[in-house]
file final_4.txt (compact mmCIF, C-alpha atoms)
# COMPACT_ATOMS: atom_id res chain seq x y z
CA MET X 1 0.00 0.00 0.00
CA LEU X 2 1.17 3.50 -0.85
CA ILE X 3 0.83 5.65 2.28
CA THR X 4 2.03 8.90 3.81
CA LEU X 5 5.07 9.43 6.01
CA LYS X 6 2.80 10.04 9.02
CA GLU X 7 0.91 6.78 8.46
CA THR X 8 4.19 4.87 8.04
CA VAL X 9 5.63 6.30 11.27
CA GLY X 10 2.39 5.26 13.00
CA LEU X 11 2.76 1.66 11.82
CA ILE X 12 6.42 1.54 12.94
CA ASN X 13 5.55 2.96 16.35
CA ASP X 14 2.76 0.37 16.67
CA GLY X 15 5.47 -2.31 16.42
CA LYS X 16 4.35 -3.64 13.03
CA ILE X 17 6.82 -5.67 10.94
CA LEU X 18 7.29 -3.78 7.68
CA HIS X 19 9.02 -3.81 4.31
CA ILE X 20 9.27 -0.22 3.03
CA ALA X 21 10.28 1.27 -0.32
CA ALA X 22 10.47 5.02 -0.84
CA ASP X 23 12.59 7.92 -1.93
CA ASP X 24 15.61 8.41 0.31
CA SER X 25 14.27 11.74 1.59
CA LEU X 26 11.38 9.86 3.24
CA LEU X 27 13.23 6.76 4.46
CA ALA X 28 15.71 9.04 6.26
CA LYS X 29 12.85 10.40 8.40
CA LEU X 30 11.64 7.04 9.74
CA PRO X 31 12.11 6.02 13.38
CA LYS X 32 13.74 2.80 14.58
CA GLY X 33 11.56 -0.28 14.45
CA LYS X 34 10.97 -3.69 12.93
CA TRP X 35 11.47 -2.75 9.30
CA ILE X 36 13.84 -2.89 6.37
CA GLY X 37 13.78 -0.56 3.40
CA GLY X 38 15.28 0.41 0.09
CA THR X 39 15.25 3.48 -2.11
CA THR X 40 13.11 3.94 -5.22
CA PRO X 41 10.58 6.60 -6.18
CA TYR X 42 8.82 4.32 -8.71
CA PHE X 43 5.96 2.04 -7.70
CA MET X 44 3.31 -0.23 -9.08
CA SER X 45 0.55 0.75 -6.68
CA GLU X 46 -3.04 -0.43 -6.47
CA GLU X 47 -3.85 2.86 -8.27
CA GLY X 48 -1.34 2.19 -11.06
CA GLY X 49 2.30 2.85 -11.91
CA ILE X 50 3.55 6.06 -10.30
CA LEU X 51 6.65 8.15 -9.64
CA THR X 52 6.28 9.81 -6.25
CA LYS X 53 8.58 11.24 -3.60
CA ASP X 54 5.90 12.03 -1.05
CA ARG X 55 4.54 8.57 -0.29
CA LEU X 56 6.03 5.25 0.79
CA PHE X 57 5.17 1.74 -0.38
CA VAL X 58 4.68 -0.40 2.70
CA ASN X 59 4.07 -4.15 3.07
CA GLU X 60 2.91 -5.18 6.51
CA ILE X 61 4.30 -8.64 7.29
CA ASP X 62 1.51 -10.05 9.42
CA PHE X 63 2.17 -13.70 8.53
CA ALA X 64 5.51 -13.99 10.36
CA GLU X 65 5.93 -16.09 13.47
CA GLU X 66 9.09 -14.13 14.19
CA ILE X 67 11.71 -12.13 12.28
CA ARG X 68 15.39 -11.24 12.42
CA ILE X 69 17.13 -8.41 10.58
CA ALA X 70 20.81 -8.39 9.58
CA THR X 71 23.20 -6.59 7.25
CA TYR X 72 25.99 -8.11 5.16
CA GLY X 73 28.87 -6.93 3.03
CA LYS X 74 30.38 -8.58 -0.02
CA TYR X 75 32.51 -10.96 2.05
CA ASN X 76 29.69 -12.53 4.02
CA VAL X 77 26.46 -12.04 2.05
CA PHE X 78 26.09 -15.78 1.43
CA GLN X 79 25.77 -16.39 5.16
CA ILE X 80 22.08 -15.93 4.37
CA VAL X 81 21.88 -19.66 3.61
CA GLU X 82 23.24 -20.48 7.08
CA GLU X 83 21.35 -17.91 9.09
CA CYS X 84 17.85 -18.19 7.65
CA TYR X 85 14.98 -20.00 9.34
CA ASP X 86 14.42 -23.63 8.41
CA ASN X 87 10.85 -22.91 7.41
CA GLY X 88 10.93 -19.33 6.33
CA LEU X 89 11.47 -16.68 3.75
CA THR X 90 14.56 -14.56 3.22
CA MET X 91 14.09 -11.06 1.84
CA LEU X 92 17.12 -9.03 0.85
CA ILE X 93 17.67 -5.55 -0.57
CA MET X 94 20.98 -4.43 -2.09
CA PRO X 95 22.01 -1.01 -3.42
CA TYR X 96 22.36 -0.61 -7.20
CA GLY X 97 25.98 -0.61 -8.32
CA SER X 98 27.30 -1.84 -4.97
CA GLU X 99 30.03 -4.45 -4.61
CA VAL X 100 27.73 -6.65 -2.56
CA ALA X 101 25.17 -6.66 -5.39
CA ALA X 102 27.88 -7.50 -7.95
CA LYS X 103 29.20 -10.31 -5.74
CA TYR X 104 25.70 -11.70 -5.20
CA SER X 105 24.84 -11.53 -8.88
CA LYS X 106 27.98 -13.40 -9.97
CA GLU X 107 28.04 -16.12 -7.33
CA ALA X 108 24.46 -16.83 -6.24
CA PRO X 109 23.76 -19.46 -8.94
CA ASP X 110 26.63 -21.59 -7.62
CA VAL X 111 25.84 -21.30 -3.92
CA GLU X 112 25.00 -24.69 -2.46
CA GLU X 113 21.70 -24.81 -0.60
CA LEU X 114 20.42 -21.43 -1.87
CA LEU X 115 17.53 -23.07 -3.74
CA MET X 116 16.54 -24.85 -0.52
CA HIS X 117 15.58 -21.55 1.09
CA PRO X 118 12.95 -19.27 -0.49
CA THR X 119 14.83 -16.06 -1.23
CA ILE X 120 13.35 -12.93 -2.76
CA GLY X 121 14.57 -9.37 -2.98
CA TRP X 122 15.44 -6.36 -5.05
CA ILE X 123 18.09 -3.86 -5.97
CA SER X 124 17.35 -0.37 -4.64
CA GLY X 125 17.32 2.48 -7.13
CA ALA X 126 16.62 6.17 -7.49
CA ASP X 127 15.00 8.73 -9.74
CA LEU X 128 16.54 8.15 -13.17
CA GLU X 129 16.83 11.92 -13.60
CA ALA X 130 18.80 12.26 -10.36
CA GLY X 131 20.99 9.16 -10.71
CA GLY X 132 21.19 8.37 -6.99
CA PRO X 133 21.53 7.87 -4.08
CA PHE X 134 21.01 4.10 -3.97
CA LYS X 135 20.54 2.99 -0.37
CA VAL X 136 19.14 0.29 1.87
CA TYR X 137 17.95 0.75 5.44
CA ASP X 138 18.21 -1.40 8.54
CA GLY X 139 15.18 -0.20 10.48
CA THR X 140 16.33 -1.64 13.80
CA SER X 141 18.89 1.17 13.99
CA ALA X 142 17.36 3.40 11.27
CA THR X 143 20.75 3.28 9.53
CA ALA X 144 21.28 3.72 5.78
CA TYR X 145 23.92 1.85 3.78
CA ASP X 146 25.09 2.17 0.19
CA ASP X 147 27.46 -0.80 0.37
CA LYS X 148 25.60 -3.48 2.32
CA ALA X 149 22.74 -5.89 1.83
CA VAL X 150 19.95 -5.64 4.37
CA VAL X 151 18.13 -8.88 5.05
CA MET X 152 14.93 -9.78 6.85
CA TYR X 153 14.55 -13.41 7.83
CA ILE X 154 10.88 -14.29 8.21
CA LYS X 155 9.90 -17.41 10.12
CA LEU X 156 6.68 -18.99 8.88
CA PRO X 157 4.19 -20.91 11.00
CA GLU X 158 4.13 -24.72 10.77
CA GLY X 159 2.18 -25.85 7.71
CA LYS X 160 2.90 -22.68 5.73
CA SER X 161 5.59 -22.29 3.09
CA ALA X 162 6.81 -19.54 0.80
CA MET X 163 6.75 -19.92 -2.96
CA ILE X 164 8.82 -17.58 -5.12
CA ASN X 165 7.91 -17.10 -8.74
CA MET X 166 8.21 -14.64 -11.58
CA VAL X 167 6.50 -13.06 -14.56
CA ASN X 168 8.82 -12.88 -17.56
CA ILE X 169 7.49 -11.84 -20.95
CA PHE X 170 10.53 -13.17 -22.80
CA SER X 171 11.30 -16.54 -24.32
CA ASP X 172 13.49 -17.79 -27.15
CA ASP X 173 13.33 -19.45 -30.52
CA LYS X 174 15.32 -22.69 -30.42
CA THR X 175 16.28 -22.26 -34.07
CA ASP X 176 18.16 -19.03 -33.26
CA PRO X 177 21.95 -19.11 -32.81
CA VAL X 178 23.32 -20.24 -29.44
CA ILE X 179 25.57 -17.71 -27.71
CA ARG X 180 28.10 -18.78 -25.06
CA PHE X 181 30.56 -16.89 -22.89
CA ASP X 182 33.90 -17.95 -21.40
CA ASP X 183 33.38 -16.55 -17.93
CA ASN X 184 30.92 -15.28 -15.32
CA ASP X 185 31.06 -11.56 -15.96
CA LEU X 186 29.19 -8.26 -16.05
CA SER X 187 30.94 -7.20 -19.26
CA VAL X 188 32.40 -9.11 -22.20
CA THR X 189 34.23 -8.57 -25.45
CA ASP X 190 34.11 -12.00 -27.07
CA CYS X 191 31.64 -14.86 -27.20
CA THR X 192 30.94 -17.87 -29.38
CA VAL X 193 27.95 -17.95 -31.69
CA ASN X 194 27.05 -21.50 -32.71
CA GLY X 195 30.58 -22.46 -31.68
CA GLN X 196 32.35 -19.74 -33.68
CA LYS X 197 34.32 -17.08 -31.77
CA VAL X 198 33.19 -13.51 -32.53
CA ASN X 199 33.32 -10.03 -31.01
CA PHE X 200 29.98 -9.75 -29.22
CA ALA X 201 29.56 -6.00 -29.78
CA GLU X 202 30.10 -6.41 -33.53
CA TYR X 203 27.72 -9.36 -33.60
CA ILE X 204 24.98 -7.35 -31.89
CA GLU X 205 25.45 -4.32 -34.10
CA LYS X 206 25.36 -6.45 -37.24
CA LYS X 207 22.23 -8.17 -36.00
CA GLY X 208 20.49 -4.83 -35.27
CA PHE X 209 20.53 -3.79 -31.63
CA ASP X 210 17.26 -3.40 -29.75
CA ASN X 211 18.07 -2.64 -26.12
CA ARG X 212 14.61 -3.74 -24.99
CA MET X 213 15.40 -7.35 -25.91
CA PRO X 214 17.58 -9.23 -23.41
CA LEU X 215 19.58 -12.40 -23.75
CA VAL X 216 17.58 -15.31 -22.36
CA ALA X 217 18.64 -18.66 -20.95
CA ASP X 218 16.22 -21.56 -20.64
CA HIS X 219 16.42 -23.11 -17.17
CA ASN X 220 14.13 -26.11 -17.62
CA GLY X 221 11.33 -23.93 -18.96
CA SER X 222 11.95 -20.94 -16.67
CA TYR X 223 13.57 -18.20 -18.72
CA ILE X 224 16.23 -16.04 -17.06
CA ASN X 225 17.00 -12.70 -18.72
CA THR X 226 20.28 -10.82 -18.96
CA SER X 227 19.68 -7.25 -20.10
CA ILE X 228 22.25 -5.28 -22.04
CA LYS X 229 23.29 -2.05 -20.33
CA ALA X 230 25.66 -0.52 -22.88
CA ILE X 231 27.96 -1.14 -25.83
CA GLU X 232 31.14 0.92 -25.65
CA ASN X 233 34.52 0.52 -27.36
CA GLY X 234 33.86 -3.06 -28.40
CA THR X 235 32.75 -4.12 -24.92
CA VAL X 236 29.21 -5.11 -23.97
CA SER X 237 28.10 -4.57 -20.37
CA PHE X 238 25.08 -6.15 -18.69
CA TYR X 239 22.75 -5.38 -15.76
CA ALA X 240 23.35 -8.93 -14.49
CA PRO X 241 26.23 -11.26 -15.28
CA VAL X 242 26.40 -13.80 -18.05
CA PHE X 243 27.65 -17.23 -17.00
CA ARG X 244 29.93 -19.74 -18.64
CA ASN X 245 28.36 -23.10 -19.48
CA ILE X 246 24.97 -21.50 -20.09
CA GLU X 247 23.36 -21.38 -23.53
CA TYR X 248 21.95 -17.95 -24.38
CA ARG X 249 19.84 -16.72 -27.24
CA PHE X 250 18.38 -13.31 -27.92
CA ALA X 251 14.77 -13.06 -26.78
CA THR X 252 12.17 -13.46 -29.48
CA LYS X 253 10.87 -10.09 -30.63
CA PHE X 254 7.24 -9.08 -30.29
CA GLU X 255 5.17 -6.24 -31.64
CA ASP X 256 4.10 -4.37 -28.54
CA TYR X 257 5.93 -4.53 -25.19
CA ALA X 258 3.06 -3.06 -23.15
CA SER X 259 0.38 -5.41 -24.46
CA GLU X 260 2.75 -8.40 -24.15
CA PHE X 261 3.35 -7.50 -20.51
CA LYS X 262 -0.37 -7.20 -19.79
CA LYS X 263 -1.08 -10.52 -21.52
CA LYS X 264 1.58 -12.29 -19.46
CA ILE X 265 0.33 -10.81 -16.18
CA ASP X 266 -3.16 -12.12 -16.95
CA GLU X 267 -1.77 -15.56 -17.90
CA VAL X 268 0.27 -16.12 -14.74
CA GLY X 269 -2.58 -15.23 -12.40
CA ALA X 270 -1.00 -15.40 -8.95
CA HIS X 271 -3.64 -15.47 -6.25
CA ALA X 272 -2.39 -13.33 -3.39
CA PRO X 273 1.23 -12.27 -3.65
CA VAL X 274 2.56 -10.92 -0.35
CA PHE X 275 5.44 -9.17 -2.13
CA SER X 276 6.09 -8.25 -5.72
CA PHE X 277 9.00 -6.38 -7.27
CA ASN X 278 8.87 -5.25 -10.90
CA CYS X 279 11.82 -4.11 -12.98
CA ILE X 280 12.31 -0.46 -13.96
CA LEU X 281 12.85 -1.63 -17.56
CA ASN X 282 9.37 -3.21 -17.62
CA TYR X 283 8.03 0.06 -16.17
CA LEU X 284 9.69 2.11 -18.92
CA TYR X 285 9.34 -0.15 -21.97
CA GLY X 286 5.95 -1.49 -20.86
CA ASP X 287 4.69 2.06 -20.41
CA LEU X 288 3.35 1.18 -16.95
CA ASN X 289 3.04 4.73 -15.63
CA GLY X 290 -0.63 5.06 -14.68
CA LYS X 291 -1.37 1.42 -15.54
CA LYS X 292 -2.54 -1.16 -12.99
CA THR X 293 -1.11 -4.67 -12.76
CA PRO X 294 -3.33 -6.43 -10.22
CA PRO X 295 -2.67 -8.44 -8.09
CA TYR X 296 0.96 -7.26 -8.25
CA ALA X 297 1.79 -4.11 -6.29
CA GLY X 298 5.16 -3.05 -4.97
CA PRO X 299 8.30 -1.09 -5.67
CA VAL X 300 9.72 -0.74 -9.16
CA THR X 301 13.27 -1.99 -8.84
CA PHE X 302 16.72 -1.82 -10.40
CA GLY X 303 17.18 -5.60 -10.33
CA GLU X 304 15.09 -8.42 -8.91
CA VAL X 305 16.13 -11.38 -6.81
CA ALA X 306 14.40 -14.74 -7.01
CA TYR X 307 17.23 -16.83 -5.53
CA GLN X 308 19.60 -15.25 -8.07
CA LEU X 309 19.67 -11.78 -9.61
CA LEU X 310 17.23 -11.35 -12.49
CA ASN X 311 16.59 -8.60 -15.04
CA GLN X 312 13.51 -7.25 -16.76
CA THR X 313 11.34 -9.52 -14.64
CA LEU X 314 8.57 -9.24 -12.06
CA VAL X 315 9.21 -11.46 -9.04
CA TYR X 316 6.64 -12.28 -6.40
CA CYS X 317 6.10 -14.40 -3.33
CA GLU X 318 3.00 -16.25 -2.20
CA ILE X 319 2.47 -17.96 1.14
CA LEU X 320 0.98 -21.42 0.67
CA GLY X 321 -0.79 -23.73 3.11
CA MET P 1 12.03 -41.31 -2.68
CA GLU P 2 10.11 -44.38 -3.85
CA ALA P 3 11.82 -46.56 -6.47
CA LEU P 4 9.38 -45.70 -9.26
CA ALA P 5 9.58 -41.98 -8.50
CA GLN P 6 13.37 -42.17 -8.42
CA GLU P 7 13.42 -43.91 -11.79
CA LYS P 8 11.32 -41.10 -13.29
CA VAL P 9 13.41 -38.37 -11.67
CA GLU P 10 16.60 -40.00 -13.01
CA LYS P 11 15.10 -39.98 -16.52
CA LEU P 12 14.20 -36.32 -16.06
CA LEU P 13 17.73 -35.45 -14.93
CA ARG P 14 19.23 -37.32 -17.88
CA GLY P 15 16.96 -35.29 -20.18
CA GLU P 16 15.07 -38.36 -21.41
CA ILE P 17 11.74 -36.88 -20.33
CA LYS P 18 10.82 -33.21 -19.95
CA TYR P 19 8.87 -31.53 -17.17
CA THR P 20 8.52 -27.85 -16.29
CA SER P 21 7.29 -27.10 -12.78
CA SER P 22 5.36 -24.05 -11.60
CA ASN P 23 8.03 -23.87 -8.89
CA LEU P 24 10.85 -21.65 -10.15
CA ALA P 25 13.34 -23.11 -7.67
CA LEU P 26 12.67 -26.65 -8.90
CA ASN P 27 13.23 -25.62 -12.53
CA MET P 28 16.51 -23.94 -11.57
CA LEU P 29 17.55 -27.06 -9.64
CA ILE P 30 16.67 -29.46 -12.48
CA SER P 31 18.63 -27.31 -14.92
CA LYS P 32 21.66 -27.27 -12.60
CA MET P 33 21.51 -31.03 -12.01
CA GLN P 34 21.17 -31.83 -15.71
CA LYS P 35 24.45 -29.99 -16.32
CA ARG P 36 26.16 -31.84 -13.47
CA ILE P 37 25.00 -35.22 -14.77
CA GLN P 38 25.95 -34.33 -18.33
CA ALA P 39 29.46 -33.52 -17.05
CA ASP P 40 29.67 -36.79 -15.11
CA PRO P 41 26.88 -39.40 -14.91
CA ALA P 42 28.31 -40.53 -11.55
CA ASN P 43 26.80 -37.37 -10.04
CA MET P 44 23.34 -38.94 -10.28
CA GLU P 45 23.42 -40.37 -6.75
CA SER P 46 24.23 -37.05 -5.08
CA CYS P 47 21.64 -35.28 -7.26
CA ILE P 48 18.90 -37.72 -6.22
CA LYS P 49 19.82 -37.18 -2.56
CA GLU P 50 19.71 -33.41 -3.03
CA MET P 51 16.41 -33.63 -4.92
CA ASP P 52 14.92 -35.65 -2.08
CA GLU P 53 16.00 -32.98 0.38
CA PHE P 54 14.63 -30.23 -1.87
CA LEU P 55 11.21 -31.87 -2.25
CA SER P 56 10.95 -32.31 1.52
CA LYS P 57 11.58 -28.55 1.86
CA TYR P 58 8.58 -27.73 -0.34
CA PRO P 59 6.08 -30.39 0.75
CA ILE P 60 2.98 -28.57 -0.47
CA VAL P 61 4.05 -28.18 -4.10
CA ALA P 62 6.32 -31.24 -4.16
CA LYS P 63 3.30 -33.56 -4.04
CA VAL P 64 1.94 -32.02 -7.24
CA ASP P 65 5.33 -32.03 -8.96
CA LEU P 66 6.04 -35.67 -8.09
CA ALA P 67 2.57 -36.75 -9.22
CA ASN P 68 3.09 -34.92 -12.52
CA ILE P 69 6.55 -36.43 -13.03
CA MET P 70 5.20 -39.92 -12.26
CA ALA P 71 2.52 -39.43 -14.90
CA LEU P 72 5.06 -38.77 -17.67

call {"tool": "encode", "arguments": {"input": "final_4.txt", "output": "structure tokens"}}
result
Amino acid sequence: MLITLKETVGLINDGKILHIAADDSLLAKLPKGKWIGGTTPYFMSEEGGILTKDRLFVNEIDFAEEIRIATYGKYNVFQIVEECYDNGLTMLIMPYGSEVAAKYSKEAPDVEELLMHPTIGWISGADLEAGGPFKVYDGTSATAYDDKAVVMYIKLPEGKSAMINMVNIFSDDKTDPVIRFDDNDLSVTDCTVNGQKVNFAEYIEKKGFDNRMPLVADHNGSYINTSIKAIENGTVSFYAPVFRNIEYRFATKFEDYASEFKKKIDEVGAHAPVFSFNCILNYLYGDLNGKKTPPYAGPVTFGEVAYQLLNQTLVYCEILG
Amino acid sequence: MEALAQEKVEKLLRGEIKYTSSNLALNMLISKMQKRIQADPANMESCIKEMDEFLSKYPIVAKVDLANIMAL
């Protein structure tokens, strides 16, 4: 729900457990309490997509048996698999461009046990016009960080479990060329296309670059996107890393991004997501300002986490049982 | 895991049958395991053990997934 600063302070002072997304100017005014937060002024609210710096998006976590809040840097972020509840949900927020986010994005897919623990989260952002600051907040001390991950561990009652899922409008055409990379990296120069080594930037430019279309990898029917950030001096950089030993193809093109997004939302039909985080690229290319995407409401984010870092995706969590 | 279920899961992990779950984590896990088994078929035993542990972590949806896999 999108509410005022006064209403948010009231909820914190009432001892409610909260997840909060808002512009930094508002988060900085919140008192200590049982909350974590991240910066973004973009939201998919119940009233529609909106850019606002005078309201906060708040999820009240009324399904938790208990919670713990912690912060981590790049050297210990994967302690989340050790320190989470056995039957629970881990929610993490990391600042855009931070070392901890880069570390998480590169290494999460190889972390043993991560898939055993429902893990959802997002990368905090800022007004695209302003270009920062990108922060996360540990509400227990009302402290802001631009270089740490803030994590809320949520313990679920017996008989309940968390299910993480996503809405991704992209897929591939299996007859398209297969692209592979030599390393796990956020920027590359070379790749192989159908086994032949080429300069990736040249390959993209020859093919006709459309920055709305990410690379996609098929993980047993779940497509994971890697969005292209920039092409400069023969180097291609990404919003999330590419990985060696993964087959990529460019996403299949479609006529209209906005209508494709709406169609996919209707198809997936989650029942009652308790959290949802939608990518800023979907917001921009899908023309979501003023548009509603029920039942998904939440912050518009600069990266989404469903176990690993995703791009151009909406992630959500439902509580089952 | 029951013998018949294990037989089906082994086929799935070898890529002989195909199944996409509504559980994102399971799809990610299957994809990871298929690569491990492709690299070395001897990894099957540890994958089955891990899959067993995974399915016990998600009991509500695991029932549906196992029933669907058994029906393939």

call {"tool": "residues_around", "arguments": {"input": "final_4.txt", "residues": "P:Leu26", "least_positions_apart": "5", "cutoff": "9 Å", "atoms": "all atoms listed in the file", "output": "list in words"}}
result
Leu115 and Asn220 of chain X; Thr20, Ser21, Ser31, Met51, Phe54 and Leu55 of chain P

call {"tool": "closest_residue", "arguments": {"input": "final_4.txt", "among": "P:Val9, P:Asn23, P:Ile17, P:Ala3", "to": "P:Tyr58", "atoms": "all atoms listed in the file"}}
result
P:Asn23

call {"tool": "residues_around", "arguments": {"input": "final_4.txt", "residues": "stretch 70-76 of chain X", "least_positions_apart": "5", "cutoff": "8 Å", "atoms": "only C-alpha atoms", "output": "PyMOL selection string"}}
result
chain X and resi 99-101+103-104+138+147-152

call {"tool": "closest_residue", "arguments": {"input": "final_4.txt", "among": "P:Lys11, P:Lys32, P:Gln38, P:Glu2", "to": "chain X", "atoms": "all atoms listed in the file"}}
result
P:Lys32

call {"tool": "residues_around", "arguments": {"input": "final_4.txt", "residues": "stretch 45-59 of chain X", "least_positions_apart": "6", "cutoff": "7 Å", "atoms": "all atoms listed in the file", "output": "PDB file with C-alpha atoms, in the coordinates of the input"}}
result
ATOM      1  CA  MET X   1       0.000   0.000   0.000  1.00  0.00           C
ATOM      2  CA  LEU X   2       1.170   3.500  -0.850  1.00  0.00           C
ATOM      3  CA  ILE X   3       0.830   5.650   2.280  1.00  0.00           C
ATOM      4  CA  THR X   4       2.030   8.900   3.810  1.00  0.00           C
ATOM      5  CA  LEU X   5       5.070   9.430   6.010  1.00  0.00           C
ATOM      6  CA  LEU X  18       7.290  -3.780   7.680  1.00  0.00           C
ATOM      7  CA  HIS X  19       9.020  -3.810   4.310  1.00  0.00           C
ATOM      8  CA  ILE X  20       9.270  -0.220   3.030  1.00  0.00           C
ATOM      9  CA  ALA X  21      10.280   1.270  -0.320  1.00  0.00           C
ATOM     10  CA  ALA X  22      10.470   5.020  -0.840  1.00  0.00           C
ATOM     11  CA  ASP X  23      12.590   7.920  -1.930  1.00  0.00           C
ATOM     12  CA  LEU X 288       3.350   1.180 -16.950  1.00  0.00           C
ATOM     13  CA  ASN X 289       3.040   4.730 -15.630  1.00  0.00           C
ATOM     14  CA  GLY X 290      -0.630   5.060 -14.680  1.00  0.00           C
ATOM     15  CA  LYS X 291      -1.370   1.420 -15.540  1.00  0.00           C
ATOM     16  CA  LYS X 292      -2.540  -1.160 -12.990  1.00  0.00           C
ATOM     17  CA  ALA X 297       1.790  -4.110  -6.290  1.00  0.00           C
ATOM     18  CA  GLY X 298       5.160  -3.050  -4.970  1.00  0.00           C
ATOM     19  CA  PRO X 299       8.300  -1.090  -5.670  1.00  0.00           C
TER      20      PRO X 299
END

call {"tool": "closest_residue", "arguments": {"input": "final_4.txt", "among": "P:Asn43, P:Ile69, P:Ile37, P:Lys57", "to": "X:Tyr85", "atoms": "all atoms listed in the file"}}
result
P:Lys57

call {"tool": "axis_aligned_box", "arguments": {"input": "final_4.txt", "around": "stretch 11-26 of chain P", "padding_each_side": "6 Å", "output": "JSON"}}
result
{"center_x": 12.3, "center_y": -30.8, "center_z": -14.5, "size_x": 25.9, "size_y": 30.3, "size_z": 25.7}

call {"tool": "closest_atom_pairs", "arguments": {"input": "final_4.txt", "of": "chain X", "to": "chain P", "cutoff": "12 Å", "atoms": "all atoms listed in the file", "output": "tab-separated table"}}
result
residue	atom	partner	partner_atom	distance
X:Tyr85	CA	P:Lys57	CA	11.9
X:Asp86	CA	P:Lys57	CA	8.7
X:Asn87	CA	P:Lys57	CA	7.9
X:Gly88	CA	P:Lys57	CA	10.3
X:Ala108	CA	P:Met28	CA	11.9
X:Pro109	CA	P:Lys32	CA	8.9
X:Asp110	CA	P:Lys32	CA	9.0
X:Val111	CA	P:Lys32	CA	11.3
X:Glu112	CA	P:Glu50	CA	10.2
X:Glu113	CA	P:Phe54	CA	9.0
X:Leu114	CA	P:Ala25	CA	9.3
X:Leu115	CA	P:Ala25	CA	5.7
X:Met116	CA	P:Phe54	CA	5.9
X:His117	CA	P:Lys57	CA	8.1
X:Pro118	CA	P:Ala25	CA	8.2
X:Thr119	CA	P:Ala25	CA	9.7
X:Ile120	CA	P:Ala25	CA	11.3
X:Glu158	CA	P:Pro59	CA	11.7
X:Gly159	CA	P:Ile60	CA	8.7
X:Lys160	CA	P:Ile60	CA	8.6
X:Ser161	CA	P:Tyr58	CA	7.1
X:Ala162	CA	P:Tyr58	CA	8.5
X:Met163	CA	P:Asn23	CA	7.2
X:Ile164	CA	P:Leu24	CA	6.8
X:Asn165	CA	P:Leu24	CA	5.6
X:Met166	CA	P:Leu24	CA	7.6
X:Val167	CA	P:Leu24	CA	10.6
X:Asn168	CA	P:Leu24	CA	11.7
X:Ala217	CA	P:Ser31	CA	10.5
X:Asp218	CA	P:Ser31	CA	8.5
X:His219	CA	P:Ser31	CA	5.3
X:Asn220	CA	P:Asn27	CA	5.2
X:Gly221	CA	P:Thr20	CA	5.5
X:Ser222	CA	P:Asn27	CA	6.4
X:Tyr223	CA	P:Met28	CA	9.6
X:Ile224	CA	P:Met28	CA	9.6
X:Arg244	CA	P:Lys35	CA	11.9
X:Asn245	CA	P:Lys35	CA	8.5
X:Ile246	CA	P:Lys35	CA	9.3
X:Glu247	CA	P:Lys35	CA	11.3
X:Val268	CA	P:Ser22	CA	9.9
X:Gly269	CA	P:Ser22	CA	11.9
X:Ala270	CA	P:Ser22	CA	11.1
X:Ala306	CA	P:Leu24	CA	8.4
X:Tyr307	CA	P:Ala25	CA	7.7
X:Gln308	CA	P:Met28	CA	9.9
X:Val315	CA	P:Leu24	CA	10.4
X:Tyr316	CA	P:Leu24	CA	10.9
X:Cys317	CA	P:Leu24	CA	11.0
X:Glu318	CA	P:Asn23	CA	11.3
X:Ile319	CA	P:Ile60	CA	10.7
X:Leu320	CA	P:Ile60	CA	7.5
X:Gly321	CA	P:Ile60	CA	7.1

call {"tool": "closest_residue", "arguments": {"input": "final_4.txt", "among": "X:Asn211, X:Val242, X:Ile123, X:Arg249", "to": "X:Asp173", "atoms": "only C-alpha atoms"}}
result
X:Arg249

call {"tool": "atom_distance", "arguments": {"input": "final_4.txt", "atom1": "atom CA of X:Phe243", "atom2": "atom CA of X:Leu310"}}
result
12.8 Å

call {"tool": "atom_distance", "arguments": {"input": "final_4.txt", "atom1": "atom CA of X:Ser98", "atom2": "atom CA of X:Phe134"}}
result
8.7 Å

call {"tool": "atom_distance", "arguments": {"input": "final_4.txt", "atom1": "atom CA of X:Ser124", "atom2": "atom CA of X:Val300"}}
result
8.9 Å

call {"tool": "residues_around", "arguments": {"input": "final_4.txt", "residues": "X:Leu186", "least_positions_apart": "4", "cutoff": "6 Å", "atoms": "only C-alpha atoms", "output": "list of chain:residue names"}}
result
X:Ser237, X:Phe238, X:Pro241

call {"tool": "write_last_selection", "arguments": {"input": "final_4.txt", "atoms": "C-alpha atoms", "output": "mmCIF file, keeping the file's coordinate frame"}}
result
data_model
loop_
_atom_site.group_PDB
_atom_site.id
_atom_site.type_symbol
_atom_site.label_atom_id
_atom_site.label_comp_id
_atom_site.auth_asym_id
_atom_site.auth_seq_id
_atom_site.Cartn_x
_atom_site.Cartn_y
_atom_site.Cartn_z
ATOM 1 C CA SER X 237 28.100 -4.570 -20.370
ATOM 2 C CA PHE X 238 25.080 -6.150 -18.690
ATOM 3 C CA PRO X 241 26.230 -11.260 -15.280
#

call {"tool": "closest_residue", "arguments": {"input": "final_4.txt", "among": "P:Leu13, P:Met1, P:Gln6, P:Asp65", "to": "P:Pro41", "atoms": "only C-alpha atoms"}}
result
P:Leu13

call {"tool": "residues_around", "arguments": {"input": "final_4.txt", "residues": "P:Leu4", "least_positions_apart": "4", "cutoff": "12 Å", "atoms": "all atoms listed in the file", "output": "PDB file with C-alpha atoms, in the coordinates of the input"}}
result
ATOM      1  CA  LYS P   8      11.320 -41.100 -13.290  1.00  0.00           C
ATOM      2  CA  VAL P   9      13.410 -38.370 -11.670  1.00  0.00           C
ATOM      3  CA  GLU P  10      16.600 -40.000 -13.010  1.00  0.00           C
ATOM      4  CA  LYS P  11      15.100 -39.980 -16.520  1.00  0.00           C
ATOM      5  CA  LEU P  66       6.040 -35.670  -8.090  1.00  0.00           C
ATOM      6  CA  ALA P  67       2.570 -36.750  -9.220  1.00  0.00           C
ATOM      7  CA  ILE P  69       6.550 -36.430 -13.030  1.00  0.00           C
ATOM      8  CA  MET P  70       5.200 -39.920 -12.260  1.00  0.00           C
ATOM      9  CA  ALA P  71       2.520 -39.430 -14.900  1.00  0.00           C
ATOM     10  CA  LEU P  72       5.060 -38.770 -17.670  1.00  0.00           C
TER      11      LEU P  72
END
